[in-house]
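Next comes entry_34.txt, with compact mmCIF, C-alpha atoms.
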```txt
# COMPACT_ATOMS: atom_id res chain seq x y z
CA MET A 1 1.71 279.53 115.02
CA ASN A 2 1.11 281.10 118.44
CA CYS A 3 3.93 279.05 119.80
CA THR A 4 6.30 280.40 117.16
CA VAL A 5 5.30 283.99 117.92
CA GLU A 6 5.88 283.42 121.61
CA ARG A 7 9.32 281.91 121.03
CA LEU A 8 10.33 284.73 118.71
CA GLN A 9 9.02 287.30 121.17
CA LYS A 10 10.93 285.64 124.01
CA THR A 11 14.18 285.65 122.03
CA SER A 12 13.60 289.30 121.03
CA ASP A 13 12.98 290.31 124.68
CA GLU A 14 16.05 288.45 125.86
CA ILE A 15 18.36 290.13 123.33
CA ARG A 16 16.85 293.54 124.02
CA HIS A 17 17.36 293.03 127.76
CA ILE A 18 20.98 291.85 127.37
CA SER A 19 21.70 294.74 124.96
CA TYR A 20 20.29 297.24 127.47
CA LYS A 21 22.29 295.74 130.37
CA GLU A 22 25.51 295.74 128.33
CA LYS A 23 25.00 299.40 127.40
CA MET A 24 24.43 300.30 131.04
CA SER A 25 27.43 298.25 132.12
CA LEU A 26 29.67 299.96 129.56
CA ASN A 27 28.43 303.42 130.63
CA GLU A 28 29.05 302.52 134.27
CA LYS A 29 32.58 301.35 133.48
CA VAL A 30 33.33 304.55 131.55
CA ASP A 31 31.86 306.65 134.38
CA THR A 32 33.92 304.74 136.96
CA LEU A 33 37.06 305.22 134.87
CA LEU A 34 36.39 308.97 134.51
CA ASP A 35 35.74 309.23 138.26
CA GLU A 36 39.06 307.54 138.96
CA ILE A 37 40.90 309.89 136.55
CA ASN A 38 39.32 312.89 138.29
CA LYS A 39 40.33 311.49 141.68
CA LEU A 40 43.89 311.06 140.41
CA LYS A 41 43.93 314.65 139.09
CA GLU A 42 42.68 315.97 142.44
CA ALA A 43 45.21 313.91 144.40
CA LEU A 44 48.07 315.12 142.19
CA SER A 45 46.99 318.78 142.49
CA GLU A 46 46.76 318.41 146.25
CA LYS A 47 50.25 316.90 146.43
CA THR A 48 51.61 319.66 144.15
CA GLN A 49 50.15 322.34 146.44
CA LYS A 50 51.71 320.70 149.50
CA ILE A 51 55.13 320.51 147.79
CA ASN A 52 54.90 324.16 146.69
CA SER A 53 54.11 325.16 150.25
CA ILE A 54 57.22 323.29 151.46
CA VAL A 55 59.28 325.03 148.74
CA SER A 56 58.16 328.44 150.07
CA LYS A 57 59.02 327.44 153.64
CA LEU A 58 62.49 326.26 152.55
CA GLU A 59 63.05 329.56 150.72
CA GLU A 60 62.37 331.38 153.99
CA LEU A 61 65.25 329.47 155.64
CA THR A 62 67.71 331.33 153.40
CA TRP A 63 66.68 334.66 154.98
CA PHE A 64 67.70 333.70 158.51
CA SER A 65 71.08 334.86 159.75
CA GLY A 66 73.26 334.12 162.76
CA LEU A 67 71.86 330.63 163.27
CA ASP A 68 73.36 328.90 166.32
CA GLN A 69 74.44 325.25 166.47
CA GLU A 70 71.01 324.05 167.60
CA CYS A 71 69.26 325.83 164.71
CA LEU A 72 71.82 324.51 162.22
CA GLU A 73 71.23 320.95 163.42
CA ILE A 74 67.50 321.36 162.90
CA ALA A 75 68.14 322.90 159.46
CA TYR A 76 70.42 319.97 158.60
CA ASN A 77 67.63 317.53 159.50
CA ILE A 78 65.20 319.51 157.36
CA ILE A 79 67.57 319.09 154.40
CA LEU A 80 67.85 315.32 155.03
CA PHE A 81 64.07 314.90 155.38
CA THR A 82 63.54 316.90 152.19
CA LYS A 83 66.04 314.71 150.29
CA ASP A 84 64.15 311.64 151.47
CA LEU A 85 60.82 313.20 150.53
CA HIS A 86 62.18 314.05 147.08
CA HIS A 87 63.26 310.44 146.46
CA THR A 88 59.84 309.17 147.51
CA LEU A 89 58.07 311.66 145.24
CA VAL A 90 60.26 310.75 142.25
CA ARG A 91 59.42 307.06 142.78
CA PHE A 92 55.73 307.98 143.01
CA TYR A 93 55.97 309.99 139.79
CA THR A 94 57.60 307.15 137.83
CA HIS A 95 54.62 304.91 138.66
CA PHE A 96 52.61 307.12 136.33
CA ASN A 97 54.88 306.76 133.28
CA LYS A 98 52.38 304.68 131.30
CA ILE A 99 49.46 306.92 132.22
CA ARG A 100 51.49 309.97 131.18
CA GLU A 101 52.36 308.39 127.82
CA LYS A 102 48.61 307.99 127.20
CA GLY A 103 48.06 311.70 127.91
CA ILE A 104 45.94 311.13 131.04
CA ALA A 105 46.16 313.90 133.70
CA LYS A 106 48.95 315.39 131.59
CA LYS A 107 48.64 318.93 132.98
CA GLU A 108 48.50 317.73 136.61
CA LEU A 109 51.44 315.35 136.16
CA LYS A 110 53.54 318.10 134.56
CA ALA A 111 52.79 320.53 137.43
CA PHE A 112 53.59 317.76 139.91
CA LYS A 113 56.95 317.02 138.23
CA LEU A 114 57.89 320.72 138.15
CA SER A 115 57.12 321.05 141.84
CA ILE A 116 59.34 318.01 142.60
CA ASP A 117 62.15 319.63 140.58
CA ASP A 118 61.67 322.89 142.52
CA LEU A 119 61.88 320.96 145.78
CA LYS A 120 65.23 319.45 144.76
CA GLU A 121 66.53 322.85 143.60
CA ILE A 122 65.57 324.76 146.76
CA ASN A 123 66.88 322.00 149.03
CA HIS A 124 70.24 322.19 147.25
CA ASP A 125 70.19 326.00 147.60
CA VAL A 126 69.38 325.85 151.32
CA GLU A 127 72.27 323.46 151.90
CA THR A 128 74.57 325.76 149.91
CA VAL A 129 73.49 328.93 151.74
CA LEU A 130 73.49 327.54 155.28
CA PHE A 131 76.39 325.10 155.16
CA ASN A 132 78.69 325.63 152.18
CA LEU A 133 78.89 329.38 151.51
CA PRO A 134 79.79 330.42 155.08
CA LYS A 135 82.94 328.23 154.73
CA ASP A 136 83.72 329.45 151.21
CA GLU A 137 86.54 331.99 151.63
CA GLU A 138 86.32 333.24 148.05
CA TYR A 139 82.61 333.87 148.49
CA GLN A 140 83.12 335.66 151.78
CA LYS A 141 85.45 338.06 149.94
CA ILE A 142 82.63 338.79 147.46
CA ILE A 143 80.28 339.45 150.40
CA LYS A 144 82.78 341.89 151.91
CA GLU A 145 82.81 343.70 148.57
CA LEU A 146 79.02 343.83 148.64
CA GLN A 147 79.11 345.39 152.08
CA THR A 148 81.28 348.24 150.80
CA LEU A 149 78.79 349.33 148.13
CA MET B 150 62.93 352.36 143.76
CA LYS B 151 65.26 352.34 140.76
CA ILE B 152 65.95 349.22 138.73
CA PHE B 153 69.26 348.66 136.94
CA CYS B 154 70.71 345.72 135.09
CA ILE B 155 74.14 344.58 134.04
CA PRO B 156 74.95 344.08 130.30
CA GLU B 157 74.84 340.25 130.66
CA PHE B 158 71.27 340.48 131.93
CA LYS B 159 70.19 342.65 129.02
CA SER B 160 71.82 340.41 126.44
CA GLU B 161 70.09 337.34 127.94
CA TYR B 162 66.76 339.19 128.03
CA ASP B 163 67.15 340.24 124.36
CA LYS B 164 67.94 336.65 123.40
CA LEU B 165 64.83 335.33 125.17
CA VAL B 166 62.46 337.96 123.82
CA LYS B 167 63.40 336.98 120.25
CA LYS B 168 62.40 333.35 120.87
CA LYS B 169 58.68 332.79 120.48
CA SER B 170 58.55 330.19 123.27
CA TYR B 171 60.06 332.67 125.76
CA SER B 172 58.49 335.93 124.55
CA SER B 173 56.22 336.00 127.65
CA ILE B 174 59.28 337.19 129.58
CA GLU B 175 58.53 340.79 128.57
CA GLU B 176 55.20 340.89 130.36
CA THR B 177 56.38 338.59 133.16
CA LEU B 178 59.27 340.89 134.05
CA PHE B 179 57.01 343.94 133.89
CA ASP B 180 54.41 342.27 136.14
CA PHE B 181 57.05 341.22 138.63
CA PHE B 182 58.32 344.74 139.25
CA ASN B 183 55.19 346.79 138.59
CA GLY B 184 53.86 348.47 141.74
CA LYS B 185 56.47 346.91 144.00
CA ASN B 186 58.85 348.52 146.45
CA ILE B 187 62.25 347.18 147.45
CA ASN B 188 60.89 345.32 150.50
CA ASP B 189 58.39 343.45 148.32
CA LEU B 190 61.39 342.00 146.47
CA ARG B 191 62.79 340.38 149.59
CA THR B 192 61.28 337.01 148.68
CA GLY B 193 62.62 333.90 146.99
CA THR B 194 66.00 332.41 147.84
CA ASN B 195 68.59 334.70 149.40
CA LEU B 196 71.98 333.47 148.22
CA SER B 197 74.04 336.16 149.96
CA THR B 198 73.68 334.57 153.43
CA TYR B 199 72.99 338.09 154.78
CA PRO B 200 69.40 339.42 154.94
CA ASP B 201 70.50 343.07 154.79
CA ILE B 202 72.40 342.71 151.48
CA PRO B 203 70.29 340.15 149.65
CA PHE B 204 71.31 338.52 146.40
CA VAL B 205 68.04 336.92 145.42
CA LYS B 206 67.12 334.06 143.14
CA LYS B 207 63.44 334.26 142.36
CA ARG B 208 61.02 332.06 140.43
CA LEU B 209 59.09 333.98 137.78
CA GLN B 210 55.87 332.84 136.11
CA GLY B 211 55.32 329.92 138.44
CA ARG B 212 56.92 326.53 138.18
CA GLY B 213 59.03 325.77 135.16
CA GLY B 214 59.07 329.43 134.13
CA PHE B 215 62.10 331.66 134.57
CA ARG B 216 64.69 332.31 137.24
CA ILE B 217 65.88 335.85 137.90
CA TYR B 218 68.89 336.82 140.02
CA TYR B 219 69.09 340.29 141.53
CA PHE B 220 70.94 342.24 144.18
CA LEU B 221 69.10 344.66 146.48
CA LEU B 222 71.08 347.69 147.63
CA ILE B 223 68.50 348.60 150.23
CA LYS B 224 70.17 351.76 151.58
CA ASP B 225 70.06 353.33 148.06
CA ASP B 226 66.64 351.82 147.18
CA ASN B 227 68.21 350.23 144.10
CA VAL B 228 67.71 346.85 142.47
CA TYR B 229 70.43 345.40 140.24
CA LEU B 230 69.37 342.62 137.89
CA SER B 231 72.22 340.19 137.35
CA PHE B 232 70.97 337.27 135.33
CA LEU B 233 67.88 335.62 133.91
CA HIS B 234 67.25 332.19 132.46
CA PRO B 235 64.36 329.91 131.57
CA LYS B 236 64.02 326.69 133.47
CA THR B 237 62.88 324.57 130.54
CA GLY B 238 63.07 324.48 126.73
CA PRO B 239 66.06 324.87 124.38
CA LEU B 240 67.69 327.66 126.43
CA GLY B 241 66.59 326.15 129.74
CA ILE B 242 68.98 325.75 132.68
CA GLN B 243 67.92 323.46 135.54
CA ASN B 244 70.00 325.22 138.18
CA LEU B 245 72.55 327.92 137.32
CA LYS B 246 75.87 326.73 138.74
CA ASP B 247 78.05 329.82 138.14
CA TRP B 248 75.71 332.39 139.70
CA LYS B 249 78.64 333.69 141.80
CA LYS B 250 80.21 334.93 138.57
CA TYR B 251 77.16 337.14 137.97
CA LEU B 252 77.24 338.48 141.52
CA ASN B 253 80.91 339.36 141.03
CA LEU B 254 80.14 341.04 137.71
CA THR B 255 77.30 342.99 139.32
CA ILE B 256 79.70 344.41 141.91
CA GLU B 257 82.19 345.37 139.18
CA TYR B 258 79.51 347.04 137.04
CA ILE B 259 78.04 348.95 139.99
CA LYS B 260 81.51 350.32 140.71
CA SER B 261 82.23 351.19 137.07
CA GLY B 262 78.72 352.46 136.28
CA ASN B 263 78.48 350.17 133.25
CA LEU B 264 74.77 349.58 133.72
CA TYR B 265 71.39 349.95 132.07
CA GLN B 266 68.49 351.60 133.83
CA VAL B 267 65.32 349.53 133.48
CA GLU B 268 62.07 351.45 133.09
CA LEU B 269 58.62 349.95 133.23
CA ASP B 270 56.56 350.90 130.20
CA LYS B 271 52.88 350.44 131.01
CA LYS B 272 51.90 350.82 127.35
CA GLY B 273 53.70 347.55 126.48
CA PRO B 274 53.48 346.32 129.10
CA THR B 275 57.21 345.82 128.85
CA CYS B 276 60.58 346.95 130.16
CA LYS B 277 62.79 349.53 128.49
CA PHE B 278 66.56 349.60 128.88
CA LYS B 279 68.51 352.84 128.89
CA LYS B 280 72.32 352.75 128.92
CA LEU B 281 73.75 354.88 131.73
CA ASP B 282 76.59 357.30 131.10
CA LYS B 283 79.54 355.81 132.93
CA GLY B 284 80.00 357.79 136.12
```
Since I need it in another form, could you write the structure as structure tokens?
Amino acid sequence: MNCTVERLQKTSDEIRHISYKEKMSLNEKVDTLLDEINKLKEALSEKTQKINSIVSKLEELTWFSGLDQECLEIAYNIILFTKDLHHTLVRFYTHFNKIREKGIAKKELKAFKLSIDDLKEINHDVETVLFNLPKDEEYQKIIKELQTL
Amino acid sequence: MKIFCIPEFKSEYDKLVKKKSYSSIEETLFDFFNGKNINDLRTGTNLSTYPDIPFVKKRLQGRGGFRIYYFLLIKDDNVYLSFLHPKTGPLGIQNLKDWKKYLNLTIEYIKSGNLYQVELDKKGPTCKFKKLDKG
């Protein structure tokens, strides 16, 4: 009889132990997953801030006037580097398509995408202002009109 | 500083205010101009290529919000609002291509006096539009 009790007790202890370990393991996995999601959110927010800061700096370029050849060459390189950066960021963003579909880091991914779009928009505007409009005769006529107001 | 707008701006503003998803434009526009002087408005993208006669494209309400286009006649301390559009949603425009048309119209309307004066109403907070008598 004692032997039976011992065997039952041993089986009971084993199952209880395994059950406890499995619970802990599951909690750890969930915690690890949540930690990773938080890290992803932080990384995205940090990238978004950096892009927004570049957008502001590019906007400032449109307020310069009388840029000489050397300055224009530097500005042209800035536009090329920004185009390259934009392509890289778009590729980075598409890696998260599946995550986005599942609604993970939705807010952060949306803000990140909007900042990438802003980067493309301002880079196009800088190119227009510094390189295309000065050669646009029709536009220069409009500017002359502005100067008469 | 006095704020004016051209009829195209007002009609776009009226269209947006009626749409629930864009109704925040009322307060956004008020907040943008409230307490500012003309030099505070020299931010954003200057499309005129001349810093002393800026035609500005400015982001409103952060990313994905609205874009406003305005001309600053600094010597008269006047702002002329030319166009406004949301960036996203059913009336959204990614990047306005024919902005030159609105700059041209702004010049014509300044000359003809076919303008609205924009007043900031703190009770709203909102903006009120008053048609000017053509001078």
One decimal, Å: what's the distance from atom CA of B:Asn227 over to atom CA of B:Lys206, could you say? 16.2 Å
Residues of chain A within 9 Å of chain B, counting all atoms listed in the file, what are they? List them as a PyMOL selection string. chain A and resi 56+58-66+111+114-115+117-118+121-122+125-126+128-130+133-134+139+142-143+145-147+149
Keeping C-alpha atoms, export the residues of the selection given above as an mmCIF file, in the coordinates of the input.
```cif
data_model
loop_
_atom_site.group_PDB
_atom_site.id
_atom_site.type_symbol
_atom_site.label_atom_id
_atom_site.label_comp_id
_atom_site.auth_asym_id
_atom_site.auth_seq_id
_atom_site.Cartn_x
_atom_site.Cartn_y
_atom_site.Cartn_z
ATOM 1 C CA SER A 56 58.160 328.440 150.070
ATOM 2 C CA LEU A 58 62.490 326.260 152.550
ATOM 3 C CA GLU A 59 63.050 329.560 150.720
ATOM 4 C CA GLU A 60 62.370 331.380 153.990
ATOM 5 C CA LEU A 61 65.250 329.470 155.640
ATOM 6 C CA THR A 62 67.710 331.330 153.400
ATOM 7 C CA TRP A 63 66.680 334.660 154.980
ATOM 8 C CA PHE A 64 67.700 333.700 158.510
ATOM 9 C CA SER A 65 71.080 334.860 159.750
ATOM 10 C CA GLY A 66 73.260 334.120 162.760
ATOM 11 C CA ALA A 111 52.790 320.530 137.430
ATOM 12 C CA LEU A 114 57.890 320.720 138.150
ATOM 13 C CA SER A 115 57.120 321.050 141.840
ATOM 14 C CA ASP A 117 62.150 319.630 140.580
ATOM 15 C CA ASP A 118 61.670 322.890 142.520
ATOM 16 C CA GLU A 121 66.530 322.850 143.600
ATOM 17 C CA ILE A 122 65.570 324.760 146.760
ATOM 18 C CA ASP A 125 70.190 326.000 147.600
ATOM 19 C CA VAL A 126 69.380 325.850 151.320
ATOM 20 C CA THR A 128 74.570 325.760 149.910
ATOM 21 C CA VAL A 129 73.490 328.930 151.740
ATOM 22 C CA LEU A 130 73.490 327.540 155.280
ATOM 23 C CA LEU A 133 78.890 329.380 151.510
ATOM 24 C CA PRO A 134 79.790 330.420 155.080
ATOM 25 C CA TYR A 139 82.610 333.870 148.490
ATOM 26 C CA ILE A 142 82.630 338.790 147.460
ATOM 27 C CA ILE A 143 80.280 339.450 150.400
ATOM 28 C CA GLU A 145 82.810 343.700 148.570
ATOM 29 C CA LEU A 146 79.020 343.830 148.640
ATOM 30 C CA GLN A 147 79.110 345.390 152.080
ATOM 31 C CA LEU A 149 78.790 349.330 148.130
#
```
Between atom CA of A:Phe131 and atom CA of B:Leu254, what distance in Å does the model show, to one decimal? 23.9 Å
Two-atom distance - atom CA of A:Lys107, atom CA of B:Leu240 (Å):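 Atom-to-atom, atom CA of A:Lys107 to atom CA of B:Leu240, that is 22.0 Å.
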Could you tell me which of B:Lys271, B:Gly238, B:Asp282, B:Asn263 comes closest to B:Gly184 if we count only C-alpha atoms?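 Comparing B:Lys271, B:Gly238, B:Asp282, B:Asn263 against B:Gly184, the winner is B:Lys271.
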Go through A:Lys10, A:Lys29, A:Lys41, A:Lys83 and flag the residue nearest A:Ile104, using all atoms listed in the file for the distances.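 So, comparing all the options, the nearest one is A:Lys41.
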Using only C-alpha atoms, which residue out of A:Glu6, A:Lys23, A:His86, A:Lys110 lies closest to A:Ile51?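 The shortest atom-to-atom distance to A:Ile51 comes from A:His86.
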So for stretch 271-279 of chain B, what box centre and size do we get, axis-aligned, 3 Å extra on each of the six sides, every listed atom, Å to one decimal, as JSON?
```
{"center_x": 60.2, "center_y": 349.3, "center_z": 128.7, "size_x": 22.6, "size_y": 13.0, "size_z": 10.5}
```
Residues at most 7 Å from B:Leu230, counting all atoms listed in the file, excluding those fewer than 6 positions away in the same chain, as a list in words?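 The residues that qualify are Phe153, Cys154, Ile155, Phe158, Tyr218, Tyr219 and Phe220 of chain B.
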Counting all atoms listed in the file, the option among A:Leu33, A:Ile74, A:Leu44, A:Leu80 closest to A:Ile116: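 So, comparing all the options, the nearest one is A:Leu44.
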